[in-house]
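Source file: target_30.pdb (PDB, C-alpha atoms)
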```pdb
ATOM      1  CA  MET G 332       0.000   0.000   0.000
ATOM      2  CA  LYS G 333       1.380   3.380  -1.013
ATOM      3  CA  ILE G 334       1.256   6.009   1.744
ATOM      4  CA  SER G 335       1.371   9.716   0.932
ATOM      5  CA  GLU G 336       4.584  11.457   1.966
ATOM      6  CA  HIS G 337       2.398  14.061   3.642
ATOM      7  CA  ALA G 338       0.637  11.519   5.859
ATOM      8  CA  VAL G 339       1.052  11.909   9.609
ATOM      9  CA  ILE G 340       1.745   8.592  11.343
ATOM     10  CA  ARG G 341       1.509   8.414  15.110
ATOM     11  CA  THR G 342       2.168   5.614  17.543
ATOM     12  CA  VAL G 343       0.160   5.734  20.736
ATOM     13  CA  GLU G 344       1.177   3.576  23.662
ATOM     14  CA  GLY G 345      -1.906   2.194  25.376
ATOM     15  CA  GLN G 346      -2.237   0.219  28.560
ATOM     16  CA  LYS G 347      -2.215  -3.499  27.917
ATOM     17  CA  VAL G 348      -4.939  -5.463  29.684
ATOM     18  CA  SER G 349      -4.580  -9.201  30.247
ATOM     19  CA  CYS G 350      -7.487 -11.555  30.747
ATOM     20  CA  ALA G 351      -7.598 -12.896  34.294
ATOM     21  CA  LEU G 352      -9.168 -16.191  33.154
ATOM     22  CA  PRO G 353      -7.484 -19.328  31.786
ATOM     23  CA  ALA G 354      -7.365 -19.486  27.995
ATOM     24  CA  GLU G 355      -9.481 -22.643  27.963
ATOM     25  CA  GLU G 356     -12.283 -20.876  29.847
ATOM     26  CA  VAL G 357     -12.191 -17.944  27.431
ATOM     27  CA  ALA G 358     -12.426 -20.415  24.531
ATOM     28  CA  ARG G 359     -15.252 -22.353  26.208
ATOM     29  CA  VAL G 360     -17.491 -19.351  26.760
ATOM     30  CA  LYS G 361     -16.648 -17.997  23.293
ATOM     31  CA  GLY G 362     -18.284 -21.167  22.007
ATOM     32  CA  LEU G 363     -21.389 -20.042  23.908
ATOM     33  CA  GLY G 364     -21.354 -16.667  22.174
ATOM     34  CA  CYS G 365     -19.569 -14.777  24.970
ATOM     35  CA  LEU G 366     -16.599 -12.793  23.683
ATOM     36  CA  TRP G 367     -13.983 -11.307  25.969
ATOM     37  CA  ASP G 368     -13.958  -7.502  26.091
ATOM     38  CA  LYS G 369     -10.274  -6.731  25.518
ATOM     39  CA  ARG G 370     -10.514  -3.572  27.655
ATOM     40  CA  THR G 371     -11.241  -5.605  30.796
ATOM     41  CA  GLU G 372      -9.841  -8.481  32.789
ATOM     42  CA  ASP G 373     -12.961 -10.609  33.133
ATOM     43  CA  ARG G 374     -15.919  -9.111  31.265
ATOM     44  CA  PHE G 375     -17.629 -10.452  28.160
ATOM     45  CA  ASN G 376     -20.003  -9.264  25.452
ATOM     46  CA  VAL G 377     -22.714 -11.877  25.085
ATOM     47  CA  ARG G 378     -24.361 -12.423  21.688
ATOM     48  CA  VAL G 379     -28.087 -13.096  21.855
ATOM     49  CA  ILE G 380     -29.487 -14.818  18.757
ATOM     50  CA  THR G 381     -32.528 -13.189  17.157
ATOM     51  CA  VAL G 382     -33.285 -16.095  14.736
ATOM     52  CA  ASN G 383     -34.313 -13.827  11.831
ATOM     53  CA  GLY G 384     -33.770 -10.316  13.140
ATOM     54  CA  LYS G 385     -37.290 -10.044  14.542
ATOM     55  CA  LEU G 386     -38.116 -10.007  18.280
ATOM     56  CA  THR G 387     -41.303  -9.687  20.283
ATOM     57  CA  GLY G 388     -41.715  -6.868  22.788
ATOM     58  CA  GLU G 389     -41.436  -9.435  25.589
ATOM     59  CA  LYS G 390     -38.086 -10.689  24.311
ATOM     60  CA  LEU G 391     -36.773  -7.165  23.825
ATOM     61  CA  SER G 392     -37.787  -6.354  27.407
ATOM     62  CA  ALA G 393     -36.024  -9.516  28.619
ATOM     63  CA  ILE G 394     -32.807  -8.505  26.831
ATOM     64  CA  ALA G 395     -33.017  -5.018  28.341
ATOM     65  CA  GLU G 396     -33.562  -6.472  31.823
ATOM     66  CA  ALA G 397     -30.667  -8.911  31.345
ATOM     67  CA  ALA G 398     -28.394  -6.029  30.356
ATOM     68  CA  GLN G 399     -29.351  -4.144  33.524
ATOM     69  CA  ARG G 400     -29.146  -7.119  35.903
ATOM     70  CA  PHE G 401     -26.092  -8.930  34.554
ATOM     71  CA  GLY G 402     -24.116  -6.469  32.419
ATOM     72  CA  SER G 403     -23.393  -2.770  32.099
ATOM     73  CA  GLY G 404     -26.949  -1.889  31.118
ATOM     74  CA  GLU G 405     -25.961  -1.486  27.459
ATOM     75  CA  ALA G 406     -26.639  -3.608  24.383
ATOM     76  CA  ALA G 407     -25.167  -3.306  20.889
ATOM     77  CA  MET G 408     -26.398  -4.563  17.527
ATOM     78  CA  THR G 409     -24.009  -6.678  15.474
ATOM     79  CA  SER G 410     -23.723  -6.646  11.700
ATOM     80  CA  ARG G 411     -25.433 -10.050  11.590
ATOM     81  CA  LEU G 412     -28.561  -9.076  13.519
ATOM     82  CA  THR G 413     -27.619 -10.473  16.895
ATOM     83  CA  ILE G 414     -27.684  -8.325  20.044
ATOM     84  CA  GLU G 415     -24.614  -8.185  22.270
ATOM     85  CA  ILE G 416     -25.267  -7.553  25.945
ATOM     86  CA  GLN G 417     -22.237  -5.551  26.984
ATOM     87  CA  SER G 418     -19.686  -6.004  29.757
ATOM     88  CA  VAL G 419     -21.007  -9.105  31.528
ATOM     89  CA  PRO G 420     -18.715 -10.320  34.372
ATOM     90  CA  PHE G 421     -17.612 -13.911  33.937
ATOM     91  CA  GLU G 422     -19.547 -15.077  37.011
ATOM     92  CA  ASN G 423     -22.759 -13.590  35.548
ATOM     93  CA  ILE G 424     -22.636 -15.492  32.252
ATOM     94  CA  GLU G 425     -24.465 -18.636  33.332
ATOM     95  CA  PRO G 426     -27.099 -16.846  35.481
ATOM     96  CA  MET G 427     -27.814 -14.555  32.532
ATOM     97  CA  ARG G 428     -28.098 -17.434  30.060
ATOM     98  CA  GLU G 429     -30.530 -19.157  32.416
ATOM     99  CA  PHE G 430     -32.567 -15.965  32.699
ATOM    100  CA  LEU G 431     -32.700 -15.503  28.903
ATOM    101  CA  ALA G 432     -33.697 -19.140  28.387
ATOM    102  CA  GLN G 433     -36.920 -18.469  30.296
ATOM    103  CA  TYR G 434     -37.923 -16.226  27.377
ATOM    104  CA  GLY G 435     -36.801 -18.588  24.623
ATOM    105  CA  LEU G 436     -33.555 -16.688  24.046
ATOM    106  CA  GLU G 437     -30.043 -18.086  23.765
ATOM    107  CA  SER G 438     -26.514 -16.872  23.154
ATOM    108  CA  GLY G 439     -24.195 -18.253  20.493
ATOM    109  CA  GLY G 440     -23.133 -17.546  16.929
ATOM    110  CA  THR G 441     -19.411 -18.285  16.960
ATOM    111  CA  GLY G 442     -17.059 -21.000  15.754
ATOM    112  CA  PRO G 443     -16.482 -23.042  12.562
ATOM    113  CA  LYS G 444     -20.109 -23.976  12.012
ATOM    114  CA  VAL G 445     -23.340 -22.672  10.527
ATOM    115  CA  ARG G 446     -23.758 -19.125  11.798
ATOM    116  CA  PRO G 447     -27.010 -17.306  12.625
ATOM    117  CA  VAL G 448     -29.029 -16.432   9.535
ATOM    118  CA  VAL G 449     -29.328 -12.816   8.390
ATOM    119  CA  SER G 450     -32.667 -11.791   6.899
ATOM    120  CA  CYS G 451     -33.995  -8.595   5.408
ATOM    121  CA  LYS G 452     -37.593  -7.584   6.157
ATOM    122  CA  GLY G 453     -38.809  -8.743   2.771
ATOM    123  CA  THR G 454     -41.892 -10.288   4.364
ATOM    124  CA  SER G 455     -43.305  -6.829   5.036
ATOM    125  CA  CYS G 456     -41.236  -4.654   2.655
ATOM    126  CA  GLN G 457     -43.020  -3.165  -0.364
ATOM    127  CA  TYR G 458     -40.367  -4.715  -2.618
ATOM    128  CA  GLY G 459     -40.242  -8.123  -0.926
ATOM    129  CA  LEU G 460     -41.004 -11.071  -3.200
ATOM    130  CA  ILE G 461     -40.736 -13.902  -0.645
ATOM    131  CA  ASP G 462     -41.520 -14.465   3.025
ATOM    132  CA  THR G 463     -37.998 -13.866   4.304
ATOM    133  CA  PHE G 464     -38.867 -14.178   8.005
ATOM    134  CA  SER G 465     -40.459 -17.594   7.494
ATOM    135  CA  LEU G 466     -37.635 -18.978   5.358
ATOM    136  CA  SER G 467     -34.947 -17.614   7.693
ATOM    137  CA  GLU G 468     -36.612 -19.180  10.719
ATOM    138  CA  LYS G 469     -36.759 -22.546   8.949
ATOM    139  CA  ILE G 470     -33.076 -22.282   7.989
ATOM    140  CA  HIS G 471     -32.271 -21.336  11.598
ATOM    141  CA  THR G 472     -34.122 -24.360  12.987
ATOM    142  CA  ARG G 473     -32.812 -26.922  10.517
ATOM    143  CA  PHE G 474     -29.244 -25.776  10.116
ATOM    144  CA  TYR G 475     -28.185 -23.432  12.919
ATOM    145  CA  LYS G 476     -29.913 -25.503  15.617
ATOM    146  CA  GLU G 477     -29.887 -29.054  14.258
ATOM    147  CA  TYR G 478     -26.394 -28.745  12.764
ATOM    148  CA  HIS G 479     -24.998 -26.932  15.788
ATOM    149  CA  GLY G 480     -22.743 -29.840  16.713
ATOM    150  CA  VAL G 481     -21.389 -30.238  13.184
ATOM    151  CA  LYS G 482     -17.892 -28.819  12.820
ATOM    152  CA  LEU G 483     -17.116 -27.300   9.430
ATOM    153  CA  PRO G 484     -13.789 -26.230   7.872
ATOM    154  CA  HIS G 485     -14.704 -22.612   8.691
ATOM    155  CA  LYS G 486     -17.751 -20.503   9.525
ATOM    156  CA  PHE G 487     -20.675 -20.763   7.123
ATOM    157  CA  LYS G 488     -22.814 -17.652   6.724
ATOM    158  CA  ILE G 489     -26.279 -17.557   5.176
ATOM    159  CA  ALA G 490     -28.331 -14.511   4.172
ATOM    160  CA  VAL G 491     -31.895 -14.304   2.868
ATOM    161  CA  GLY G 492     -32.892 -11.300   0.769
ATOM    162  CA  GLY G 493     -36.441 -10.570  -0.310
ATOM    163  CA  CYS G 494     -35.597  -9.009  -3.671
ATOM    164  CA  PRO G 495     -32.707  -8.051  -5.970
ATOM    165  CA  ASN G 496     -32.110  -4.845  -3.967
ATOM    166  CA  ASN G 497     -29.795  -7.134  -1.947
ATOM    167  CA  CYS G 498     -30.069  -5.148   1.278
ATOM    168  CA  VAL G 499     -28.472  -7.952   3.335
ATOM    169  CA  LYS G 500     -25.874  -8.723   0.634
ATOM    170  CA  PRO G 501     -26.821 -12.376  -0.034
ATOM    171  CA  ASN G 502     -24.139 -12.667  -2.727
ATOM    172  CA  LEU G 503     -21.439 -11.754  -0.166
ATOM    173  CA  ASN G 504     -22.335 -14.679   2.094
ATOM    174  CA  ASP G 505     -21.183 -18.268   1.822
ATOM    175  CA  LEU G 506     -24.711 -19.005   0.639
ATOM    176  CA  GLY G 507     -27.327 -16.411  -0.235
ATOM    177  CA  VAL G 508     -30.993 -16.648  -1.177
ATOM    178  CA  VAL G 509     -32.735 -13.896  -3.154
ATOM    179  CA  GLY G 510     -36.436 -13.613  -3.959
ATOM    180  CA  GLN G 511     -37.200 -13.443  -7.685
ATOM    181  CA  ARG G 512     -40.189 -12.518  -9.831
ATOM    182  CA  VAL G 513     -39.602 -13.291 -13.488
ATOM    183  CA  PRO G 514     -41.976 -11.526 -15.902
ATOM    184  CA  VAL G 515     -43.496 -13.656 -18.657
ATOM    185  CA  VAL G 516     -43.857 -11.331 -21.645
ATOM    186  CA  ASP G 517     -46.900 -11.801 -23.874
ATOM    187  CA  ALA G 518     -45.599  -9.853 -26.868
ATOM    188  CA  GLU G 519     -48.787 -10.452 -28.857
ATOM    189  CA  GLN G 520     -50.635  -8.106 -26.488
ATOM    190  CA  CYS G 521     -48.084  -5.298 -26.947
ATOM    191  CA  LYS G 522     -49.331  -2.243 -28.859
ATOM    192  CA  GLY G 523     -45.914  -0.581 -29.095
ATOM    193  CA  CYS G 524     -47.086   2.450 -27.109
ATOM    194  CA  LYS G 525     -45.069   5.624 -27.539
ATOM    195  CA  THR G 526     -44.880   5.895 -23.750
ATOM    196  CA  CYS G 527     -44.335   2.318 -22.586
ATOM    197  CA  GLN G 528     -45.435   1.701 -19.008
ATOM    198  CA  LEU G 529     -42.990  -1.187 -18.696
ATOM    199  CA  GLU G 530     -40.097   1.067 -19.639
ATOM    200  CA  LYS G 531     -41.223   3.534 -16.986
ATOM    201  CA  ALA G 532     -41.601   0.808 -14.346
ATOM    202  CA  CYS G 533     -38.251  -0.917 -14.935
ATOM    203  CA  PRO G 534     -35.707   0.439 -12.400
ATOM    204  CA  VAL G 535     -32.710  -0.874 -14.360
ATOM    205  CA  ARG G 536     -33.972   0.228 -17.793
ATOM    206  CA  VAL G 537     -33.948  -3.260 -19.271
ATOM    207  CA  ALA G 538     -37.456  -3.135 -20.739
ATOM    208  CA  HIS G 539     -37.640  -1.186 -23.991
ATOM    209  CA  VAL G 540     -39.679  -1.013 -27.156
ATOM    210  CA  GLU G 541     -37.942  -2.390 -30.217
ATOM    211  CA  ASP G 542     -39.557  -2.613 -33.669
ATOM    212  CA  GLY G 543     -42.943  -1.839 -32.171
ATOM    213  CA  LYS G 544     -42.811  -4.504 -29.456
ATOM    214  CA  VAL G 545     -41.579  -4.423 -25.868
ATOM    215  CA  VAL G 546     -38.450  -6.475 -25.229
ATOM    216  CA  ILE G 547     -36.992  -7.576 -21.879
ATOM    217  CA  ASP G 548     -33.524  -9.111 -22.074
ATOM    218  CA  PRO G 549     -33.725 -12.195 -19.794
ATOM    219  CA  GLU G 550     -29.982 -12.041 -19.108
ATOM    220  CA  ALA G 551     -30.027  -8.388 -18.051
ATOM    221  CA  CYS G 552     -33.344  -8.510 -16.158
ATOM    222  CA  LYS G 553     -32.890  -8.496 -12.375
ATOM    223  CA  HIS G 554     -36.246 -10.226 -11.811
ATOM    224  CA  CYS G 555     -37.436  -7.614  -9.342
ATOM    225  CA  GLY G 556     -41.040  -7.866 -10.550
ATOM    226  CA  ARG G 557     -41.541  -4.103 -10.685
ATOM    227  CA  CYS G 558     -42.918  -4.317 -14.238
ATOM    228  CA  VAL G 559     -45.463  -7.036 -13.469
ATOM    229  CA  GLY G 560     -49.034  -5.872 -14.022
ATOM    230  CA  LYS G 561     -47.959  -2.386 -15.126
ATOM    231  CA  CYS G 562     -49.008  -2.713 -18.768
ATOM    232  CA  PRO G 563     -52.650  -1.712 -19.437
ATOM    233  CA  PHE G 564     -52.698  -4.264 -22.247
ATOM    234  CA  HIS G 565     -51.632  -7.129 -19.927
ATOM    235  CA  VAL G 566     -48.241  -7.778 -21.522
ATOM    236  CA  THR G 567     -46.669  -8.734 -18.165
ATOM    237  CA  ASP G 568     -49.622  -9.957 -16.121
ATOM    238  CA  ARG G 569     -48.054 -13.400 -15.839
ATOM    239  CA  PHE G 570     -44.881 -14.107 -13.879
ATOM    240  CA  ILE G 571     -42.869 -16.849 -12.179
ATOM    241  CA  ASN G 572     -42.025 -16.511  -8.489
ATOM    242  CA  GLY G 573     -38.942 -18.208  -7.161
ATOM    243  CA  TYR G 574     -35.684 -18.181  -5.247
ATOM    244  CA  ARG G 575     -32.195 -17.598  -6.644
ATOM    245  CA  VAL G 576     -29.321 -19.230  -4.706
ATOM    246  CA  TYR G 577     -25.821 -17.735  -4.690
ATOM    247  CA  LEU G 578     -22.756 -19.784  -3.784
ATOM    248  CA  GLY G 579     -19.318 -18.824  -2.532
ATOM    249  CA  GLY G 580     -19.632 -15.206  -1.465
ATOM    250  CA  ARG G 581     -17.405 -13.746   1.239
ATOM    251  CA  TRP G 582     -16.843 -10.398   2.922
ATOM    252  CA  GLY G 583     -13.878  -9.477   5.086
ATOM    253  CA  LYS G 584     -10.148  -9.074   4.620
ATOM    254  CA  ASP G 585     -10.662 -10.969   1.365
ATOM    255  CA  PHE G 586     -13.928 -10.803  -0.511
ATOM    256  CA  ALA G 587     -15.610 -12.751  -3.255
ATOM    257  CA  HIS G 588     -18.885 -12.280  -5.080
ATOM    258  CA  GLY G 589     -21.071 -15.356  -4.922
ATOM    259  CA  LYS G 590     -22.290 -16.743  -8.229
ATOM    260  CA  PRO G 591     -25.933 -17.663  -8.893
ATOM    261  CA  MET G 592     -26.924 -21.221  -9.650
ATOM    262  CA  ASP G 593     -28.724 -21.533 -12.993
ATOM    263  CA  GLN G 594     -31.776 -23.152 -11.460
ATOM    264  CA  LEU G 595     -34.601 -20.953 -10.197
ATOM    265  CA  PHE G 596     -36.007 -22.763  -7.172
ATOM    266  CA  ALA G 597     -39.778 -22.742  -6.878
ATOM    267  CA  THR G 598     -40.403 -23.637  -3.220
ATOM    268  CA  GLU G 599     -38.943 -23.124   0.248
ATOM    269  CA  GLU G 600     -38.405 -26.860   0.551
ATOM    270  CA  GLU G 601     -36.223 -26.894  -2.567
ATOM    271  CA  VAL G 602     -34.168 -24.044  -1.102
ATOM    272  CA  LEU G 603     -33.789 -25.846   2.234
ATOM    273  CA  GLU G 604     -32.605 -28.935   0.396
ATOM    274  CA  VAL G 605     -29.895 -27.091  -1.540
ATOM    275  CA  VAL G 606     -28.785 -25.302   1.665
ATOM    276  CA  GLU G 607     -28.322 -28.682   3.333
ATOM    277  CA  LYS G 608     -26.440 -30.026   0.331
ATOM    278  CA  ALA G 609     -24.117 -26.990   0.382
ATOM    279  CA  ILE G 610     -23.330 -27.521   4.069
ATOM    280  CA  LEU G 611     -22.655 -31.214   3.433
ATOM    281  CA  LEU G 612     -20.464 -30.326   0.439
ATOM    282  CA  PHE G 613     -18.428 -27.954   2.615
ATOM    283  CA  ARG G 614     -18.075 -30.592   5.324
ATOM    284  CA  ASP G 615     -17.148 -33.282   2.776
ATOM    285  CA  ARG G 616     -14.845 -31.417   0.401
ATOM    286  CA  GLY G 617     -13.670 -28.362   2.334
ATOM    287  CA  SER G 618     -10.134 -28.149   3.732
ATOM    288  CA  ALA G 619      -9.547 -27.043   7.315
ATOM    289  CA  GLY G 620      -9.359 -23.263   7.606
ATOM    290  CA  GLU G 621     -10.745 -22.415   4.160
ATOM    291  CA  ARG G 622     -14.005 -20.603   3.477
ATOM    292  CA  PHE G 623     -16.724 -22.079   1.289
ATOM    293  CA  ALA G 624     -15.729 -19.648  -1.482
ATOM    294  CA  ASP G 625     -12.296 -21.295  -1.575
ATOM    295  CA  THR G 626     -13.842 -24.755  -1.667
ATOM    296  CA  VAL G 627     -16.115 -23.796  -4.576
ATOM    297  CA  ASN G 628     -13.226 -22.196  -6.469
ATOM    298  CA  ARG G 629     -10.993 -25.196  -5.875
ATOM    299  CA  ILE G 630     -13.454 -27.787  -7.156
ATOM    300  CA  GLY G 631     -14.928 -25.441  -9.773
ATOM    301  CA  PHE G 632     -18.253 -23.604  -9.676
ATOM    302  CA  GLU G 633     -19.859 -25.736 -12.393
ATOM    303  CA  GLU G 634     -18.763 -28.933 -10.657
ATOM    304  CA  ALA G 635     -20.097 -27.630  -7.332
ATOM    305  CA  CYS G 636     -23.449 -26.909  -8.973
ATOM    306  CA  ARG G 637     -23.502 -30.363 -10.565
ATOM    307  CA  ILE G 638     -22.932 -31.959  -7.159
ATOM    308  CA  LEU G 639     -25.629 -29.814  -5.536
ATOM    309  CA  GLU G 640     -28.132 -30.665  -8.263
ATOM    310  CA  SER G 641     -27.698 -34.391  -7.601
ATOM    311  CA  ASP G 642     -28.853 -36.327  -4.531
ATOM    312  CA  ASP G 643     -25.471 -37.923  -3.800
ATOM    313  CA  LEU G 644     -24.692 -35.736  -0.773
ATOM    314  CA  LEU G 645     -28.037 -36.473   0.871
ATOM    315  CA  LYS G 646     -27.566 -40.215   0.280
ATOM    316  CA  ARG G 647     -24.148 -39.954   1.959
ATOM    317  CA  LYS G 648     -25.337 -37.630   4.739
ATOM    318  CA  ALA G 649     -24.723 -40.068   7.612
ATOM    319  CA  GLU G 650     -21.252 -40.902   6.275
ATOM    320  CA  ILE G 651     -20.303 -37.234   5.815
ATOM    321  CA  LEU G 652     -21.503 -36.183   9.272
ATOM    322  CA  SER G 653     -19.736 -39.099  10.952
ATOM    323  CA  LYS G 654     -16.286 -38.054   9.681
TER     324      LYS G 654
END
```
Written form, structure tokens:
Amino acid sequence: MKISEHAVIRTVEGQKVSCALPAEEVARVKGLGCLWDKRTEDRFNVRVITVNGKLTGEKLSAIAEAAQRFGSGEAAMTSRLTIEIQSVPFENIEPMREFLAQYGLESGGTGPKVRPVVSCKGTSCQYGLIDTFSLSEKIHTRFYKEYHGVKLPHKFKIAVGGCPNNCVKPNLNDLGVVGQRVPVVDAEQCKGCKTCQLEKACPVRVAHVEDGKVVIDPEACKHCGRCVGKCPFHVTDRFINGYRVYLGGRWGKDFAHGKPMDQLFATEEEVLEVVEKAILLFRDRGSAGERFADTVNRIGFEEACRILESDDLLKRKAEILSK
């Protein structure tokens, strides 16, 4: 990295704080979602899982009470929609976890395993094309909870986005799901209007009139569904709803854009099946310490898709999980 000759570089000596607890205890509670606060000797920030980023008033009140009773009284949001209760003394960790459990809440979200799911609010958003809260909760139950004891080569992050606006960056996660609405163009109904309502409705300017008929390039279309039903002559009244799955995204010190599988999945169950296959593929073919993006690149994206489109991984599920 080139640094300007005019840059001012300062070194500030700060006070070093050592943890008063044995390293194995710090590692143990980290596995429970309790991360040591480096500014202290024995205090931890405890990650409370929100399942899909949505909490009831009762659960929010419980988190607030837990922060007051067991921590510093503060809570912080994480980038993956968990809530960290701040500055919890080591001796308060278990009493706080027991208190939270009374309200159906738990801490966690660390380690080389399936991480908590991130969901946008597509269920209620005006642009949402799928029920993101429902799908995220099902992914949480089947793969964060039921696969919690399954060690993977590295962390495995999943994001569910309701539409191609990509607010939760599904294509920058190990696996991302995006709601799709594919317009089915009935060109015979097109009148070649001077002011085309589909052109006006398309946010990415893909729809356009060509030789007196509206054309939508299927490769350039983002499948946001904004043009559906906008033509007074019913050119785009019909559409296909579905889910696009992205593989091998990553965000951090190194980043990679996930690539979409060719198949447009029609149901939640199909999505859940391919999520499970991806986790099994990572467990089966991933090398220790590498992210799923590296695994996909190493074996080849097309080969990874071929494996995920077959049922071989599910047939070998018991064998793969017993390794």
*Which residues fall under the PyMOL selection byres ((chain G and resi 369) around 12) in this file, as number ranges by chain?*
G: 346-351, 357, 366-368, 370-376, 418
_range 465-475 of chain G environment, 6 Å, all atoms listed in the file, sequence neighbours closer than 4 positions dropped, as an NGL selection string_ = :G and (383 or 445 or 479)
Grab the residues selected above and save them as a JSON list (two decimals), keeping the file's coordinate frame with C-alpha atoms.
```json
[["chain", "number", "residue", "atom", "x", "y", "z"],
["G", 383, "ASN", "CA", -34.31, -13.83, 11.83],
["G", 445, "VAL", "CA", -23.34, -22.67, 10.53],
["G", 479, "HIS", "CA", -25.00, -26.93, 15.79]]
```
*Please write the residues picked by the PyMOL selection byres ((chain G and resi 423) around 12) on this file as an MDAnalysis selection string.*
chainID G and resid 360 365 373:377 397:403 416:422 424:430
Find the residues of range 596-643 of chain G that sit at most 9 Å from range 587-592 of chain G; for each, write down the nearest two atoms and how far apart they are in Å, to one decimal. Count all atoms listed in the file. Sort by chain, then by number going up, and give it as a tab-separated table.
```
residue	atom	partner	partner_atom	distance
G:Ala624	CA	G:Ala587	CA	7.1
G:Phe632	CA	G:Lys590	CA	8.1
G:Glu633	CA	G:Met592	CA	8.8
G:Cys636	CA	G:Met592	CA	6.7
```
Using all atoms listed in the file, which residues sit within 12 Å of Ile571 in chain G once same-chain residues fewer than 4 positions away are excluded, as a compact mmCIF listing (two decimals) with C-alpha atoms, in the coordinates of the input?
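Everything below was put into around_17.txt:
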```
# COMPACT_ATOMS: atom_id res chain seq x y z
CA LEU G 460 -41.00 -11.07 -3.20
CA GLY G 510 -36.44 -13.61 -3.96
CA GLN G 511 -37.20 -13.44 -7.68
CA ARG G 512 -40.19 -12.52 -9.83
CA VAL G 513 -39.60 -13.29 -13.49
CA PRO G 514 -41.98 -11.53 -15.90
CA VAL G 515 -43.50 -13.66 -18.66
CA VAL G 516 -43.86 -11.33 -21.64
CA HIS G 554 -36.25 -10.23 -11.81
CA CYS G 555 -37.44 -7.61 -9.34
CA GLY G 556 -41.04 -7.87 -10.55
CA VAL G 559 -45.46 -7.04 -13.47
CA THR G 567 -46.67 -8.73 -18.16
CA LEU G 595 -34.60 -20.95 -10.20
CA PHE G 596 -36.01 -22.76 -7.17
CA ALA G 597 -39.78 -22.74 -6.88
CA THR G 598 -40.40 -23.64 -3.22
```
*Interatomic distance between CA of Ile461 in chain G and CA of Tyr478 in chain G?*
24.6 Å
